[in-house]
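Asker: Can you keep this structure in mind? I'll have questions shortly.
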Amino acid sequence: MEQELDLDTVIRQRIRGLRLARGWTLDALASRCDISPSNLSRIETGRRRIALDQLVPIARALDTTLDQLVESADDEDVVIRPQPCQTRGLTSWLLSRERSLHGVTVAKMRITPDRPTGPEHLCVHPGREWFTVLSGTALLRLGERTILVQTGNAAEFSTMTPHVVGAHEGPVEILTILDHDGERTHLHDAHGHPAPQAP
C-alpha cells in the first residue's frame, strides 16, 4: 500500500514538473486535456484521486506516454552495481545498462602493462571512440602511431583506424564511451568472447 501511495505521489510530481517545464499554467494544460483547471489542481496536489481515464489525456497533452508517467520510481532503475569482467591485462565494469544512453555504453576499464598491444591485437570497427584517463598513462596505438594519454586528458578517434588501448609503465584506469560496434568489440572481448582482429 505504501508503495502505491509513493508511486501516486511520483505521478503527481511528474505531471506538475512536466507542466512547469513547458511553462504552462494549470489553465493551459487543462485546456489541452479537457480537464477543468480546478480538477487538475486537485490531481497535482493530491486532493483528488487519479483516474486512469484522466491520465491518458494528461500524458498525451504533456507529450509523454502513459507508461512513462506511471513507471516505477524503484531504485533498481537508478542504481547500477557493476560486476568486473576480466581478460589478460584488462578489467572492465559496465557503468550503464548496455546501449541505454542513445545507443552507447559507458564503461570503466583498468588496464595493466601485460595487456597485449601488438599489431595482431589491433582492431577495427565502424564509428568513433572516446575515453578519458582517470589515473596512470594510457598507451593508445592507432595504426603505426603510439600516443601517450596522461591522467586528466581525453582521446577521441575514428575506430576505422586499427587501434588498441594499453597501459604505459604501470596500471591505467579509463572511463570510456562506446557505440554498439565498440561495445561488441571491446567489452565482449572482456567477457571472454572473441573480438574481431585487424586483417
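Residue numbers start at 1 in each chain; chains themselves are named A, B, ... in the order of the C-alpha cells; ligands are numbered from 1 in the order shown.
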Hey, could you make a per-residue contact list for range 65-130 of chain A against range 136-145 of chain A with 9 Å as the cut-off, showing the nearest pair of atoms and its distance in Å to one decimal, counting only C-alpha atoms, sorted by chain and number, as CSV?

Answerer:
residue,atom,partner,partner_atom,distance
A:Ile111,CA,A:Ala138,CA,8.3
A:Thr117,CA,A:Arg141,CA,7.6
A:Gly118,CA,A:Arg141,CA,8.9
A:Pro119,CA,A:Gly143,CA,8.3
A:Leu122,CA,A:Gly143,CA,7.8

Asker: Can you check which residues of range 12-182 of chain A DSSP gives as strand (DSSP E) on the backbone and send them as a PyMOL selection string?

Answerer: chain A and resi 85-87+90-94+105-111+128-135+138-142+145-149+154-158+163-167+172-178

Asker: If we count only C-alpha atoms, what is near Leu69 in chain A at a cut-off of 8 Å, once residues fewer than 4 positions away on the same chain are taken out, given as an MDAnalysis selection string?

Answerer: chainID A and resid 11 14:15 59 64:65

Asker: Filtering to N, CA and C atoms, could you give me those residues as an mmCIF file, in the first residue's frame?

Answerer:
data_model
loop_
_atom_site.group_PDB
_atom_site.id
_atom_site.type_symbol
_atom_site.label_atom_id
_atom_site.label_comp_id
_atom_site.auth_asym_id
_atom_site.auth_seq_id
_atom_site.Cartn_x
_atom_site.Cartn_y
_atom_site.Cartn_z
ATOM 1 N N ILE A 11 3.699 10.269 -9.565
ATOM 2 C CA ILE A 11 2.915 10.616 -10.760
ATOM 3 C C ILE A 11 2.461 12.071 -10.686
ATOM 4 N N ARG A 14 5.362 14.278 -11.370
ATOM 5 C CA ARG A 14 5.725 14.272 -12.793
ATOM 6 C C ARG A 14 4.796 15.173 -13.597
ATOM 7 N N ILE A 15 3.501 15.087 -13.317
ATOM 8 C CA ILE A 15 2.544 15.934 -14.036
ATOM 9 C C ILE A 15 2.869 17.406 -13.807
ATOM 10 N N ALA A 59 -1.201 12.664 -20.167
ATOM 11 C CA ALA A 59 0.066 12.204 -20.754
ATOM 12 C C ALA A 59 0.188 12.691 -22.194
ATOM 13 N N THR A 64 4.059 12.901 -23.526
ATOM 14 C CA THR A 64 4.728 11.733 -22.959
ATOM 15 C C THR A 64 3.788 10.550 -23.120
ATOM 16 N N THR A 65 4.168 9.395 -22.590
ATOM 17 C CA THR A 65 3.298 8.225 -22.679
ATOM 18 C C THR A 65 2.769 7.886 -21.297
#

Asker: Which one is closest to Trp24 in chain A: A:Leu7, A:Leu62, A:Val56, A:Ile43? Count only C-alpha atoms.

Answerer: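 Looking at the shortest contact to Trp24 in chain A, the residue is A:Leu62.
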
Asker: Rank nothing, just name the residue among A:Arg128, A:Arg47, A:Asp53, A:Thr151 nearest to Ile35 in chain A, using only C-alpha atoms.

Answerer: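 Answer, going by the shortest atom-to-atom distance: A:Asp53.
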
Asker: Run DSSP on the backbone of this structure and report the residues of range 71-188 of chain A it assigns to alpha helix (DSSP H), as a PDB file with C-alpha atoms, in the first residue's frame.

Answerer:
ATOM      1  CA  HIS A 180      27.314  -0.627 -30.374  1.00  0.00           C
ATOM      2  CA  ASP A 181      30.246  -1.796 -32.515  1.00  0.00           C
ATOM      3  CA  GLY A 182      32.803  -0.655 -29.929  1.00  0.00           C
ATOM      4  CA  HIS A 188      32.662  -8.816 -25.482  1.00  0.00           C
TER       5      HIS A 188
END

Asker: List the spatial neighbours of Asn153 in chain A as a short mmCIF file (atom, residue, chain, number, x, y, z; two decimals) with C-alpha atoms, in the first residue's frame - criterion: any atom at most 10 Å away, only C-alpha atoms, same-chain residues fewer than 2 positions off excluded.

Answerer:
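Saved as selection26.cif:
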data_model
loop_
_atom_site.label_atom_id
_atom_site.label_comp_id
_atom_site.auth_asym_id
_atom_site.auth_seq_id
_atom_site.Cartn_x
_atom_site.Cartn_y
_atom_site.Cartn_z
CA PHE A 131 37.94 7.83 -23.36
CA THR A 132 39.35 9.92 -20.52
CA VAL A 133 42.20 8.81 -18.27
CA LEU A 134 41.29 8.70 -14.57
CA SER A 135 44.75 7.60 -13.37
CA THR A 137 49.06 6.87 -18.52
CA ALA A 138 47.21 5.17 -21.37
CA LEU A 148 50.52 8.54 -24.62
CA VAL A 149 47.42 9.96 -22.93
CA GLN A 150 48.10 11.28 -19.42
CA THR A 151 45.80 11.48 -16.37
CA ALA A 155 41.23 10.94 -26.58
#

Asker: Extract, using only C-alpha atoms, all DNA, RNA and protein residues at most 7 Å from Val106 in chain A, discarding same-chain residues fewer than 4 positions from it, and format them as a list in words.

Answerer: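 Here the answer would be Leu94, Leu95, Ser96, Thr176, Ile177 and Leu178 of chain A.
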
Asker: Have a look at CA of Asp27 in chain A and CA of Asp8 in chain A and let me know their distance in Å, one decimal.

Answerer: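 Taking CA of Asp27 in chain A and CA of Asp8 in chain A, their separation equals 22.3 Å.
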